[in-house]
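Beneath this line is the structure, given in structure tokens, with notes to follow.
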Amino acid sequence: MLLDIKNLHVKYGNVEALHGIDIQVEEGEIVTLLGANGAGKTTTLNAISGLVKASKGEVLFRGEALHKLPAHKVVTRKITQSPEGRRVFGTLTVLENLNLGAFTSKNKERVAKSLEWIYELFPRLAERRGQLAGTLSGGEQQMLAIGRALMSNPKLLLLDEPSLGLAPVLVTQIFRTVRQINQAGVTVMLVEQNARMALKLAHRGYVMEVGKIVMADSAKALLKNPDVLQAYLGGAE
Amino acid sequence: MEQFFQQLTNGLAIGGIYALIALGYTLVYGVLKLINFAHGDLFTIGAFLGLSLLTAFSLTDKLGFVLGVSALLLMVVCLVGLVGILLDQAAYKPLRSSHRLSAVVSALGMSIVFSNAIMLIFGASPEVYPHGILPSQVLHIMGLPFPVKRLLLLVTSLVLMVALYTFIQKTTIGAAIRAAAIDQDAARLMGINVNRVIMLIFFIGPALGGAAGVMVGLYYGQIKWTMGWLYGLKAFTAAILGGIGNIPGAMVGGLLLGVIESLCSAYISMAWKDAITFVVLILILIVRPTGLLGERVAEKI
Ligand SMILES: Nc1ncnc2c1ncn2[C@@H]1O[C@H](COP(=O)(O)OP(=O)(O)OP(=O)(O)O)[C@@H](O)[C@H]1O
Ligand SMILES: [Mg+2]
């Protein structure tokens, strides 16, 4: 097993946002995490990345306790995140943003290869490499956020709402690219509001409600599940 | 014409000093959104450390002018940089997750601690750097006199500024500093150790301030335990003038303030020299609070 989250609790101040969740991710999978606003999806990804601390429970990556590492160390274990809202560095150029994605990578050849691959996945980024990231369109910024997260050759890529605020055409394109990334050997954990598309892409899915996992199943089964249909897919297609 | 040229070069020379100090305010503000009110006192510490080291090791006697002054600057830069790191660890780091006002109060407190410590150690009366360290020749550019020591002061501050700018703009560590200034969590997701970045900032800023202290000592001769207050305030104004958090802004703001001050004191009134700074500060805050080069303050460094 690649990632094993056991009984994870996270608190913000005195308020608990995650009340003990369990998630497993196998190598090579795309696992999606669904849930309404405020369910705790971002908190879960941030707990994996080390941006928030577990108050209880553990996050194991190939058996290593990630929850004991500071965020900048988690990256060196080959786990990266494209955060909610993109969070690109607006006054840095596209290329500077990408290079920061490889901040922990010492192997220059490897980095050059990653960059080449990212430019293949997102040709638009190659065209705009010298442009300030803040001047990119929303879709381009999303590409940059994903590209940046790929620069250090991650084993596990955490994607937080990559379709947020994008036109449908772009969403389709981003999802297709996520599949390509997965086929290149990167395990993906995908948080999405767009449940139908996420389930069509993913192998398995988890459904969260107010800090708890309430369902876990194969993506196919979840797509047919009447409760999921009702709550997240807006009824039958 | 000659008087104008004199005032202009004089303004640029002192403006370079303001710029160096202003960079310390702006670097720290850029990453932590904190005004390090103890920064002016780090400048004073630099001036006094410089004098102590200069006389203790007779640096310029043994090494000659160029090497001696370079060695002196290097030592002071390192020592004041270390004081900066200690200041952050002791006074600001424990308050990182508290309300921003707590750190401001801590900064004001540290300013008092530093200035009083300097007074206790070095005494309350002014100290004087040895005479004749800087060359006293005067160059003539197109018939206009230009003292060599003024040129040296200006060139040294420009070299330090260009070095810093290049470091911030062209190196990976520089990009990491800029990233941390924009979004600390996103920077962490890149694998950047933000605590290290903050340490580095608290080394570089005070180091430049310390260098400015030595330069003022060498150039003007007299130093005093309270000097950091006025220089700090002027440099702070320069940082605001250029747009706080903005590195080129601090440089431009410093040079500009130096020139404004120098020209006003020559053509309006000497007595108003220091008040002009306040006028400039108030005017910017009213007319253009983001400063000359500042746009969205939080995003710029
Ligand atoms: N920094 C924070 N401080 C305090 N509470 C927070 C913080 N971040 C999140 N929370 C709370 O934790 C809970 C889970 O938030 P989280 O952002 O993880 O939800 P989410 O599932 O990602 O929602 P969304 O779909 O809106 O992104 C919410 O109740 C939220 O208000
Ligand atoms: Mg979220």
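Letters for chains follow the order of the structure tokens (A, B, ...), residue numbers begin at 1 for each chain, and ligand numbers begin at 1 in the order shown.
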
Within-10 Å residues of ligand 2, basis only C-alpha atoms and all ligand atoms, as a PDB file with N, CA, C and O atoms, in the first residue's frame:
```
ATOM      1  N   GLY A  35     -17.302  15.247  -1.536  1.00  0.00           N
ATOM      2  CA  GLY A  35     -17.983  15.743  -0.346  1.00  0.00           C
ATOM      3  C   GLY A  35     -18.399  17.180  -0.535  1.00  0.00           C
ATOM      4  O   GLY A  35     -17.838  17.900  -1.362  1.00  0.00           O
ATOM      5  N   ALA A  36     -19.376  17.595   0.269  1.00  0.00           N
ATOM      6  CA  ALA A  36     -19.905  18.952   0.162  1.00  0.00           C
ATOM      7  C   ALA A  36     -18.879  19.955   0.684  1.00  0.00           C
ATOM      8  O   ALA A  36     -17.853  19.574   1.248  1.00  0.00           O
ATOM      9  N   ASN A  37     -19.164  21.234   0.513  1.00  0.00           N
ATOM     10  CA  ASN A  37     -18.293  22.278   1.049  1.00  0.00           C
ATOM     11  C   ASN A  37     -18.135  22.110   2.551  1.00  0.00           C
ATOM     12  O   ASN A  37     -19.106  21.891   3.262  1.00  0.00           O
ATOM     13  N   GLY A  38     -16.909  22.222   3.007  1.00  0.00           N
ATOM     14  CA  GLY A  38     -16.653  22.143   4.440  1.00  0.00           C
ATOM     15  C   GLY A  38     -16.591  20.741   4.990  1.00  0.00           C
ATOM     16  O   GLY A  38     -16.480  20.550   6.200  1.00  0.00           O
ATOM     17  N   ALA A  39     -16.638  19.730   4.126  1.00  0.00           N
ATOM     18  CA  ALA A  39     -16.627  18.348   4.606  1.00  0.00           C
ATOM     19  C   ALA A  39     -15.270  17.964   5.202  1.00  0.00           C
ATOM     20  O   ALA A  39     -15.186  17.104   6.076  1.00  0.00           O
ATOM     21  N   GLY A  40     -14.219  18.611   4.720  1.00  0.00           N
ATOM     22  CA  GLY A  40     -12.889  18.290   5.246  1.00  0.00           C
ATOM     23  C   GLY A  40     -11.942  17.721   4.202  1.00  0.00           C
ATOM     24  O   GLY A  40     -10.906  17.144   4.539  1.00  0.00           O
ATOM     25  N   LYS A  41     -12.254  17.909   2.931  1.00  0.00           N
ATOM     26  CA  LYS A  41     -11.410  17.351   1.864  1.00  0.00           C
ATOM     27  C   LYS A  41     -10.044  18.038   1.816  1.00  0.00           C
ATOM     28  O   LYS A  41      -9.006  17.376   1.790  1.00  0.00           O
ATOM     29  N   THR A  42     -10.075  19.360   1.797  1.00  0.00           N
ATOM     30  CA  THR A  42      -8.810  20.096   1.766  1.00  0.00           C
ATOM     31  C   THR A  42      -7.992  19.807   3.024  1.00  0.00           C
ATOM     32  O   THR A  42      -6.768  19.632   2.961  1.00  0.00           O
ATOM     33  N   THR A  43      -8.680  19.745   4.144  1.00  0.00           N
ATOM     34  CA  THR A  43      -7.988  19.444   5.399  1.00  0.00           C
ATOM     35  C   THR A  43      -7.268  18.100   5.307  1.00  0.00           C
ATOM     36  O   THR A  43      -6.136  17.952   5.767  1.00  0.00           O
ATOM     37  N   THR A  44      -7.930  17.127   4.685  1.00  0.00           N
ATOM     38  CA  THR A  44      -7.308  15.808   4.530  1.00  0.00           C
ATOM     39  C   THR A  44      -6.032  15.900   3.699  1.00  0.00           C
ATOM     40  O   THR A  44      -4.982  15.394   4.091  1.00  0.00           O
ATOM     41  N   LEU A  45      -6.123  16.585   2.549  1.00  0.00           N
ATOM     42  CA  LEU A  45      -4.925  16.728   1.708  1.00  0.00           C
ATOM     43  C   LEU A  45      -3.826  17.493   2.443  1.00  0.00           C
ATOM     44  O   LEU A  45      -2.645  17.135   2.370  1.00  0.00           O
ATOM     45  N   ASN A  46      -4.223  18.524   3.167  1.00  0.00           N
ATOM     46  CA  ASN A  46      -3.222  19.309   3.886  1.00  0.00           C
ATOM     47  C   ASN A  46      -2.584  18.536   5.022  1.00  0.00           C
ATOM     48  O   ASN A  46      -1.429  18.780   5.383  1.00  0.00           O
ATOM     49  N   PRO A  83      -2.662  22.896  -4.892  1.00  0.00           N
ATOM     50  CA  PRO A  83      -3.651  23.281  -3.891  1.00  0.00           C
ATOM     51  C   PRO A  83      -4.929  23.901  -4.468  1.00  0.00           C
ATOM     52  O   PRO A  83      -4.950  24.349  -5.617  1.00  0.00           O
ATOM     53  N   GLU A  84      -5.942  23.894  -3.632  1.00  0.00           N
ATOM     54  CA  GLU A  84      -7.211  24.532  -3.983  1.00  0.00           C
ATOM     55  C   GLU A  84      -6.965  26.012  -4.281  1.00  0.00           C
ATOM     56  O   GLU A  84      -6.270  26.694  -3.533  1.00  0.00           O
ATOM     57  N   GLY A  85      -7.547  26.489  -5.374  1.00  0.00           N
ATOM     58  CA  GLY A  85      -7.356  27.896  -5.728  1.00  0.00           C
ATOM     59  C   GLY A  85      -6.019  28.170  -6.396  1.00  0.00           C
ATOM     60  O   GLY A  85      -5.597  29.315  -6.515  1.00  0.00           O
ATOM     61  N   ASP A 160      -6.320  19.292  -5.547  1.00  0.00           N
ATOM     62  CA  ASP A 160      -7.477  19.835  -4.841  1.00  0.00           C
ATOM     63  C   ASP A 160      -8.310  20.697  -5.783  1.00  0.00           C
ATOM     64  O   ASP A 160      -7.919  21.812  -6.127  1.00  0.00           O
ATOM     65  N   GLU A 161      -9.441  20.155  -6.180  1.00  0.00           N
ATOM     66  CA  GLU A 161     -10.394  20.854  -7.048  1.00  0.00           C
ATOM     67  C   GLU A 161      -9.758  21.505  -8.277  1.00  0.00           C
ATOM     68  O   GLU A 161      -9.853  22.722  -8.462  1.00  0.00           O
ATOM     69  N   VAL A 191      -9.421  15.543  -5.250  1.00  0.00           N
ATOM     70  CA  VAL A 191     -10.562  16.108  -4.544  1.00  0.00           C
ATOM     71  C   VAL A 191     -11.393  16.872  -5.562  1.00  0.00           C
ATOM     72  O   VAL A 191     -10.839  17.660  -6.332  1.00  0.00           O
ATOM     73  N   GLU A 192     -12.676  16.615  -5.587  1.00  0.00           N
ATOM     74  CA  GLU A 192     -13.499  17.264  -6.610  1.00  0.00           C
ATOM     75  C   GLU A 192     -14.912  17.602  -6.144  1.00  0.00           C
ATOM     76  O   GLU A 192     -15.498  16.909  -5.324  1.00  0.00           O
ATOM     77  N   GLN A 193     -15.429  18.688  -6.688  1.00  0.00           N
ATOM     78  CA  GLN A 193     -16.856  19.002  -6.544  1.00  0.00           C
ATOM     79  C   GLN A 193     -17.610  18.366  -7.709  1.00  0.00           C
ATOM     80  O   GLN A 193     -18.769  18.011  -7.593  1.00  0.00           O
TER      81      GLN A 193
END
```

Residue list for chain B near chain A as a list of chain:residue names, 6 Å, only C-alpha atoms: B:Arg188, B:Met190, B:Gly191, B:Ile192, B:Asn193

Write out, as an mmCIF file, in the first residue's frame, the residues just selected, with N, CA and C atoms.
```cif
data_model
loop_
_atom_site.group_PDB
_atom_site.id
_atom_site.type_symbol
_atom_site.label_atom_id
_atom_site.label_comp_id
_atom_site.auth_asym_id
_atom_site.auth_seq_id
_atom_site.Cartn_x
_atom_site.Cartn_y
_atom_site.Cartn_z
ATOM 1 N N ARG B 188 5.802 26.202 1.137
ATOM 2 C CA ARG B 188 6.080 24.936 1.834
ATOM 3 C C ARG B 188 5.773 23.746 0.932
ATOM 4 N N MET B 190 6.241 23.542 -2.054
ATOM 5 C CA MET B 190 7.347 23.376 -3.008
ATOM 6 C C MET B 190 8.556 22.720 -2.334
ATOM 7 N N GLY B 191 8.465 22.524 -1.027
ATOM 8 C CA GLY B 191 9.608 21.956 -0.305
ATOM 9 C C GLY B 191 10.527 23.026 0.261
ATOM 10 N N ILE B 192 10.052 24.278 0.245
ATOM 11 C CA ILE B 192 10.856 25.364 0.791
ATOM 12 C C ILE B 192 10.686 25.394 2.305
ATOM 13 N N ASN B 193 11.802 25.423 3.014
ATOM 14 C CA ASN B 193 11.755 25.533 4.463
ATOM 15 C C ASN B 193 11.585 27.016 4.815
#
```

Spatial neighbours of range 57-62 of chain A, max dist 8 Å, only C-alpha atoms, sep filter under 2 positions, as a list in words: Met1, Leu2, Leu3, Asp4, Ile5, Lys6, Asn7, Leu8, His9, Gly20, Ile48, Ala54, Ser55, Glu64, Ala65, Leu66 and His67 of chain A

Take the residues that were just selected and, keeping N, CA and C atoms, output them as a CSV table (one decimal), in the first residue's frame.
```
chain,number,residue,atom,x,y,z
A,1,MET,N,0.8,-1.2,0.0
A,1,MET,CA,0.0,0.0,0.0
A,1,MET,C,0.9,1.3,0.0
A,2,LEU,N,0.5,2.2,-0.8
A,2,LEU,CA,1.3,3.4,-0.9
A,2,LEU,C,1.0,4.4,0.2
A,3,LEU,N,-0.3,4.7,0.4
A,3,LEU,CA,-0.7,5.6,1.4
A,3,LEU,C,-1.8,5.0,2.3
A,4,ASP,N,-1.5,5.1,3.6
A,4,ASP,CA,-2.5,4.5,4.6
A,4,ASP,C,-2.8,5.5,5.7
A,5,ILE,N,-4.0,6.1,5.6
A,5,ILE,CA,-4.4,7.0,6.6
A,5,ILE,C,-5.3,6.3,7.7
A,6,LYS,N,-4.8,6.4,8.9
A,6,LYS,CA,-5.5,5.6,10.0
A,6,LYS,C,-6.1,6.5,11.0
A,7,ASN,N,-7.4,6.5,11.2
A,7,ASN,CA,-8.0,7.2,12.3
A,7,ASN,C,-7.5,8.7,12.5
A,8,LEU,N,-7.4,9.4,11.3
A,8,LEU,CA,-6.9,10.7,11.4
A,8,LEU,C,-7.8,11.8,11.9
A,9,HIS,N,-7.3,12.5,12.9
A,9,HIS,CA,-8.1,13.6,13.5
A,9,HIS,C,-7.3,14.9,13.3
A,20,GLY,N,-11.5,11.4,12.7
A,20,GLY,CA,-11.0,10.0,12.6
A,20,GLY,C,-11.4,9.4,11.3
A,48,ILE,N,-2.0,15.3,4.8
A,48,ILE,CA,-1.0,14.5,4.1
A,48,ILE,C,0.2,15.3,3.8
A,54,ALA,N,-1.8,16.4,12.4
A,54,ALA,CA,-2.8,15.4,13.0
A,54,ALA,C,-2.8,15.6,14.5
A,55,SER,N,-4.0,15.7,15.1
A,55,SER,CA,-4.1,15.7,16.5
A,55,SER,C,-4.1,14.3,17.1
A,64,GLU,N,6.2,4.9,6.2
A,64,GLU,CA,6.8,6.0,7.0
A,64,GLU,C,5.8,6.9,7.5
A,65,ALA,N,6.0,7.4,8.8
A,65,ALA,CA,5.0,8.3,9.4
A,65,ALA,C,5.2,9.7,8.9
A,66,LEU,N,4.3,10.1,7.9
A,66,LEU,CA,4.3,11.4,7.3
A,66,LEU,C,3.9,12.5,8.3
A,67,HIS,N,3.0,12.1,9.2
A,67,HIS,CA,2.4,13.1,10.1
A,67,HIS,C,3.5,13.7,11.0
```

Point-to-point distance from CA of Ala235 in chain B to CA of Phe5 in chain B, Å rounded to tenths: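 Between CA of Ala235 in chain B and CA of Phe5 in chain B the gap works out to 23.0 Å.
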
Find the spatial neighbours of range 8-12 of chain B, counting only C-alpha atoms, within a cut-off of 12 Å - ignore same-chain residues fewer than 4 positions away - and output them as a CSV table (one decimal) with N, CA, C and O atoms, in the first residue's frame.
```
chain,number,residue,atom,x,y,z
B,1,MET,N,24.7,76.2,-9.9
B,1,MET,CA,25.0,74.9,-10.5
B,1,MET,C,25.9,74.0,-9.7
B,1,MET,O,25.6,72.9,-9.4
B,2,GLU,N,27.0,74.7,-9.2
B,2,GLU,CA,27.9,73.9,-8.3
B,2,GLU,C,27.2,73.5,-7.0
B,2,GLU,O,27.3,72.3,-6.6
B,3,GLN,N,26.4,74.4,-6.5
B,3,GLN,CA,25.7,74.1,-5.2
B,3,GLN,C,24.7,72.9,-5.5
B,3,GLN,O,24.6,72.0,-4.7
B,4,PHE,N,24.0,73.0,-6.6
B,4,PHE,CA,23.0,72.0,-6.9
B,4,PHE,C,23.7,70.7,-7.1
B,4,PHE,O,23.2,69.7,-6.5
B,16,GLY,N,21.8,56.6,-0.4
B,16,GLY,CA,22.3,55.2,-0.5
B,16,GLY,C,22.2,54.5,0.9
B,16,GLY,O,21.9,53.3,1.0
B,17,ILE,N,22.6,55.3,1.9
B,17,ILE,CA,22.5,54.8,3.3
B,17,ILE,C,21.1,54.5,3.6
B,17,ILE,O,20.7,53.4,4.2
B,18,TYR,N,20.2,55.4,3.4
B,18,TYR,CA,18.8,55.2,3.7
B,18,TYR,C,18.3,53.9,2.9
B,18,TYR,O,17.5,53.1,3.5
B,19,ALA,N,18.7,53.8,1.7
B,19,ALA,CA,18.3,52.6,0.9
B,19,ALA,C,18.7,51.3,1.5
B,19,ALA,O,17.9,50.4,1.6
B,141,ILE,N,34.5,66.7,-11.9
B,141,ILE,CA,33.8,66.1,-13.0
B,141,ILE,C,33.2,67.3,-13.7
B,141,ILE,O,32.3,68.0,-13.2
B,144,LEU,N,33.1,70.3,-11.9
B,144,LEU,CA,32.4,70.3,-10.6
B,144,LEU,C,33.1,69.4,-9.6
B,144,LEU,O,33.4,68.3,-9.9
B,145,PRO,N,33.3,69.9,-8.4
B,145,PRO,CA,34.0,69.1,-7.4
B,145,PRO,C,33.2,68.0,-6.9
B,145,PRO,O,32.0,68.1,-6.7
B,146,PHE,N,33.9,66.8,-6.7
B,146,PHE,CA,33.2,65.6,-6.2
B,146,PHE,C,34.1,64.9,-5.3
B,146,PHE,O,35.0,64.2,-5.7
B,147,PRO,N,33.9,65.0,-4.0
B,147,PRO,CA,34.8,64.3,-3.0
B,147,PRO,C,34.9,62.8,-3.2
B,147,PRO,O,33.8,62.2,-3.4
B,148,VAL,N,36.1,62.3,-3.2
B,148,VAL,CA,36.2,60.8,-3.4
B,148,VAL,C,35.5,60.0,-2.4
B,148,VAL,O,34.9,59.0,-2.7
B,149,LYS,N,35.5,60.5,-1.2
B,149,LYS,CA,34.8,59.7,-0.1
B,149,LYS,C,33.3,59.6,-0.4
B,149,LYS,O,32.7,58.6,-0.1
B,150,ARG,N,32.8,60.7,-0.9
B,150,ARG,CA,31.3,60.6,-1.2
B,150,ARG,C,31.1,59.6,-2.3
B,150,ARG,O,30.1,58.9,-2.3
B,151,LEU,N,32.0,59.6,-3.3
B,151,LEU,CA,31.8,58.7,-4.4
B,151,LEU,C,31.9,57.2,-3.9
B,151,LEU,O,31.1,56.4,-4.2
B,152,LEU,N,32.9,57.0,-3.0
B,152,LEU,CA,33.1,55.7,-2.4
B,152,LEU,C,31.8,55.2,-1.7
B,152,LEU,O,31.4,54.1,-1.8
B,153,LEU,N,31.2,56.2,-0.9
B,153,LEU,CA,30.0,55.8,-0.1
B,153,LEU,C,28.9,55.4,-1.1
B,153,LEU,O,28.3,54.4,-0.9
B,154,LEU,N,28.7,56.2,-2.1
B,154,LEU,CA,27.7,55.9,-3.1
B,154,LEU,C,27.9,54.6,-3.8
B,154,LEU,O,27.0,53.7,-3.9
B,155,VAL,N,29.1,54.4,-4.3
B,155,VAL,CA,29.5,53.2,-5.0
B,155,VAL,C,29.3,51.9,-4.1
B,155,VAL,O,28.7,50.9,-4.5
B,156,THR,N,29.7,52.0,-2.9
B,156,THR,CA,29.6,50.9,-2.0
B,156,THR,C,28.1,50.5,-1.8
B,156,THR,O,27.7,49.4,-1.9
B,157,SER,N,27.3,51.5,-1.5
B,157,SER,CA,25.9,51.2,-1.3
B,157,SER,C,25.2,50.6,-2.6
B,157,SER,O,24.5,49.7,-2.6
B,158,LEU,N,25.6,51.2,-3.8
B,158,LEU,CA,25.1,50.7,-5.0
B,158,LEU,C,25.5,49.2,-5.3
B,158,LEU,O,24.7,48.4,-5.7
B,219,TYR,N,32.1,57.9,7.2
B,219,TYR,CA,31.9,59.1,6.4
B,219,TYR,C,31.7,60.3,7.2
B,219,TYR,O,32.3,61.4,7.0
B,220,TYR,N,30.8,60.2,8.2
B,220,TYR,CA,30.5,61.4,9.0
B,220,TYR,C,31.4,61.5,10.3
B,220,TYR,O,31.5,62.6,10.9
B,251,MET,N,15.2,50.7,-2.7
B,251,MET,CA,16.4,51.4,-3.3
B,251,MET,C,16.1,52.8,-3.8
B,251,MET,O,16.7,53.8,-3.5
B,252,VAL,N,15.0,52.8,-4.7
B,252,VAL,CA,14.6,54.1,-5.3
B,252,VAL,C,14.2,55.0,-4.2
B,252,VAL,O,14.6,56.2,-4.2
B,253,GLY,N,13.4,54.5,-3.3
B,253,GLY,CA,12.8,55.4,-2.2
B,253,GLY,C,14.0,56.0,-1.4
B,253,GLY,O,13.9,57.2,-1.0
B,254,GLY,N,15.0,55.2,-1.1
B,254,GLY,CA,16.1,55.7,-0.3
B,254,GLY,C,16.8,56.8,-1.0
B,254,GLY,O,17.1,57.9,-0.4
B,255,LEU,N,17.2,56.5,-2.2
B,255,LEU,CA,18.0,57.5,-3.0
B,255,LEU,C,17.2,58.8,-3.2
B,255,LEU,O,17.7,59.9,-3.0
B,256,LEU,N,15.9,58.6,-3.5
B,256,LEU,CA,15.0,59.8,-3.7
B,256,LEU,C,14.9,60.6,-2.4
B,256,LEU,O,15.0,61.8,-2.5
B,257,LEU,N,14.7,59.9,-1.3
B,257,LEU,CA,14.5,60.7,0.0
B,257,LEU,C,15.8,61.4,0.3
B,257,LEU,O,15.7,62.6,0.7
B,258,GLY,N,16.9,60.8,0.0
B,258,GLY,CA,18.2,61.5,0.3
B,258,GLY,C,18.3,62.8,-0.5
B,258,GLY,O,18.7,63.8,0.0
B,259,VAL,N,17.9,62.7,-1.8
B,259,VAL,CA,18.0,63.8,-2.7
B,259,VAL,C,17.0,64.9,-2.3
B,259,VAL,O,17.3,66.1,-2.2
B,260,ILE,N,15.8,64.5,-2.0
B,260,ILE,CA,14.8,65.5,-1.6
B,260,ILE,C,15.2,66.2,-0.3
B,260,ILE,O,15.2,67.4,-0.3
B,261,GLU,N,15.7,65.4,0.6
B,261,GLU,CA,16.1,66.0,1.9
B,261,GLU,C,17.3,67.0,1.7
B,261,GLU,O,17.3,68.1,2.2
B,262,SER,N,18.2,66.6,0.9
B,262,SER,CA,19.4,67.4,0.6
B,262,SER,C,19.1,68.7,-0.1
B,262,SER,O,19.5,69.8,0.3
B,263,LEU,N,18.2,68.6,-1.1
B,263,LEU,CA,17.9,69.8,-1.9
B,263,LEU,C,17.0,70.7,-1.1
B,263,LEU,O,17.2,71.9,-1.1
B,264,CYS,N,16.1,70.1,-0.3
B,264,CYS,CA,15.2,71.0,0.5
B,264,CYS,C,16.0,71.7,1.6
B,264,CYS,O,15.8,72.9,1.9
B,265,SER,N,17.0,71.0,2.2
B,265,SER,CA,17.7,71.7,3.2
B,265,SER,C,18.6,72.8,2.7
B,265,SER,O,18.9,73.8,3.3
B,266,ALA,N,19.0,72.7,1.4
B,266,ALA,CA,19.8,73.7,0.8
B,266,ALA,C,19.0,74.9,0.3
B,266,ALA,O,19.3,76.0,0.5
B,267,TYR,N,17.8,74.6,-0.3
B,267,TYR,CA,17.1,75.6,-0.9
B,267,TYR,C,15.9,76.2,-0.1
B,267,TYR,O,15.4,77.2,-0.4
B,273,LYS,N,15.4,70.2,7.7
B,273,LYS,CA,16.0,69.0,7.1
B,273,LYS,C,15.2,67.7,7.5
B,273,LYS,O,14.8,66.9,6.7
```

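One finds CA of Thr93 in chain A at 11.1 Å from CA of Ala179 in chain B.
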
Residue nearest Leu158 in chain A among A:Ala126, A:Ala216, A:Leu115, A:Ala47 (counting only C-alpha atoms): A:Ala47

DSSP strand (DSSP E) residues within range 16-256 of chain B, as a list in words: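 Strand (DSSP E) members of range 16-256 of chain B, listed: Glu127, Val128, Val138, Leu139, His140, Ile141, Leu144, Pro145, Phe146, Pro147, Gln222 and Ile223 of chain B.
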
Between CA of Phe236 in chain B and CA of Leu281 in chain B - distance in Å to one decimal: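 It comes out at 9.0 Å.
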
Pro248 in chain B surroundings by only C-alpha atoms, 12 Å radius, close-in-sequence under 3 positions cut, as a PyMOL selection string: chain B and resi 19-20+22-23+26-27+158+161-162+164-166+168-169+238-245+251-255+291-294+300-301

DSSP-assigned helix (DSSP H, G or I) among range 128-238 of chain B, expressed as an NGL selection string: :B and (148-170 or 172-182 or 184-189 or 194-220 or 227-238)

Which residues, written as a PDB file with N, CA, C and O atoms, in the first residue's frame, have at least one atom at most 8 Å from Ile177 in chain B, with only C-alpha atoms counted and residues fewer than 4 positions away on the same chain left out?
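Done, and the output landed in out_26.pdb:
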```pdb
ATOM      1  N   VAL B  31       8.232  39.252   3.865  1.00  0.00           N
ATOM      2  CA  VAL B  31       7.981  37.854   4.220  1.00  0.00           C
ATOM      3  C   VAL B  31       7.066  37.714   5.427  1.00  0.00           C
ATOM      4  O   VAL B  31       6.217  36.827   5.478  1.00  0.00           O
ATOM      5  N   ILE B 168      18.333  38.072  -5.224  1.00  0.00           N
ATOM      6  CA  ILE B 168      16.890  37.838  -5.101  1.00  0.00           C
ATOM      7  C   ILE B 168      16.269  37.454  -6.445  1.00  0.00           C
ATOM      8  O   ILE B 168      15.405  36.589  -6.525  1.00  0.00           O
ATOM      9  N   ILE B 173      17.496  30.380  -4.449  1.00  0.00           N
ATOM     10  CA  ILE B 173      17.164  30.801  -3.084  1.00  0.00           C
ATOM     11  C   ILE B 173      16.393  32.121  -3.130  1.00  0.00           C
ATOM     12  O   ILE B 173      15.430  32.326  -2.388  1.00  0.00           O
ATOM     13  N   ALA B 181       7.400  35.131   0.342  1.00  0.00           N
ATOM     14  CA  ALA B 181       6.783  36.424   0.600  1.00  0.00           C
ATOM     15  C   ALA B 181       5.366  36.481   0.040  1.00  0.00           C
ATOM     16  O   ALA B 181       4.503  37.166   0.564  1.00  0.00           O
ATOM     17  N   VAL B 197      14.023  30.487   5.341  1.00  0.00           N
ATOM     18  CA  VAL B 197      13.917  31.720   4.561  1.00  0.00           C
ATOM     19  C   VAL B 197      13.849  32.917   5.504  1.00  0.00           C
ATOM     20  O   VAL B 197      14.531  33.926   5.311  1.00  0.00           O
TER      21      VAL B 197
END
```

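Using only C-alpha atoms and all ligand atoms, the smallest distance between any of A:Asp227, A:Glu120, A:Glu29, A:Glu209 and ligand 1 comes from A:Glu209.
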
For Leu72 in chain B, the nearest of the candidates B:Ile201, B:Leu49, B:Leu134, B:Ala13, counting only C-alpha atoms: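 Looking at the shortest contact to Leu72 in chain B, the residue is B:Leu49.
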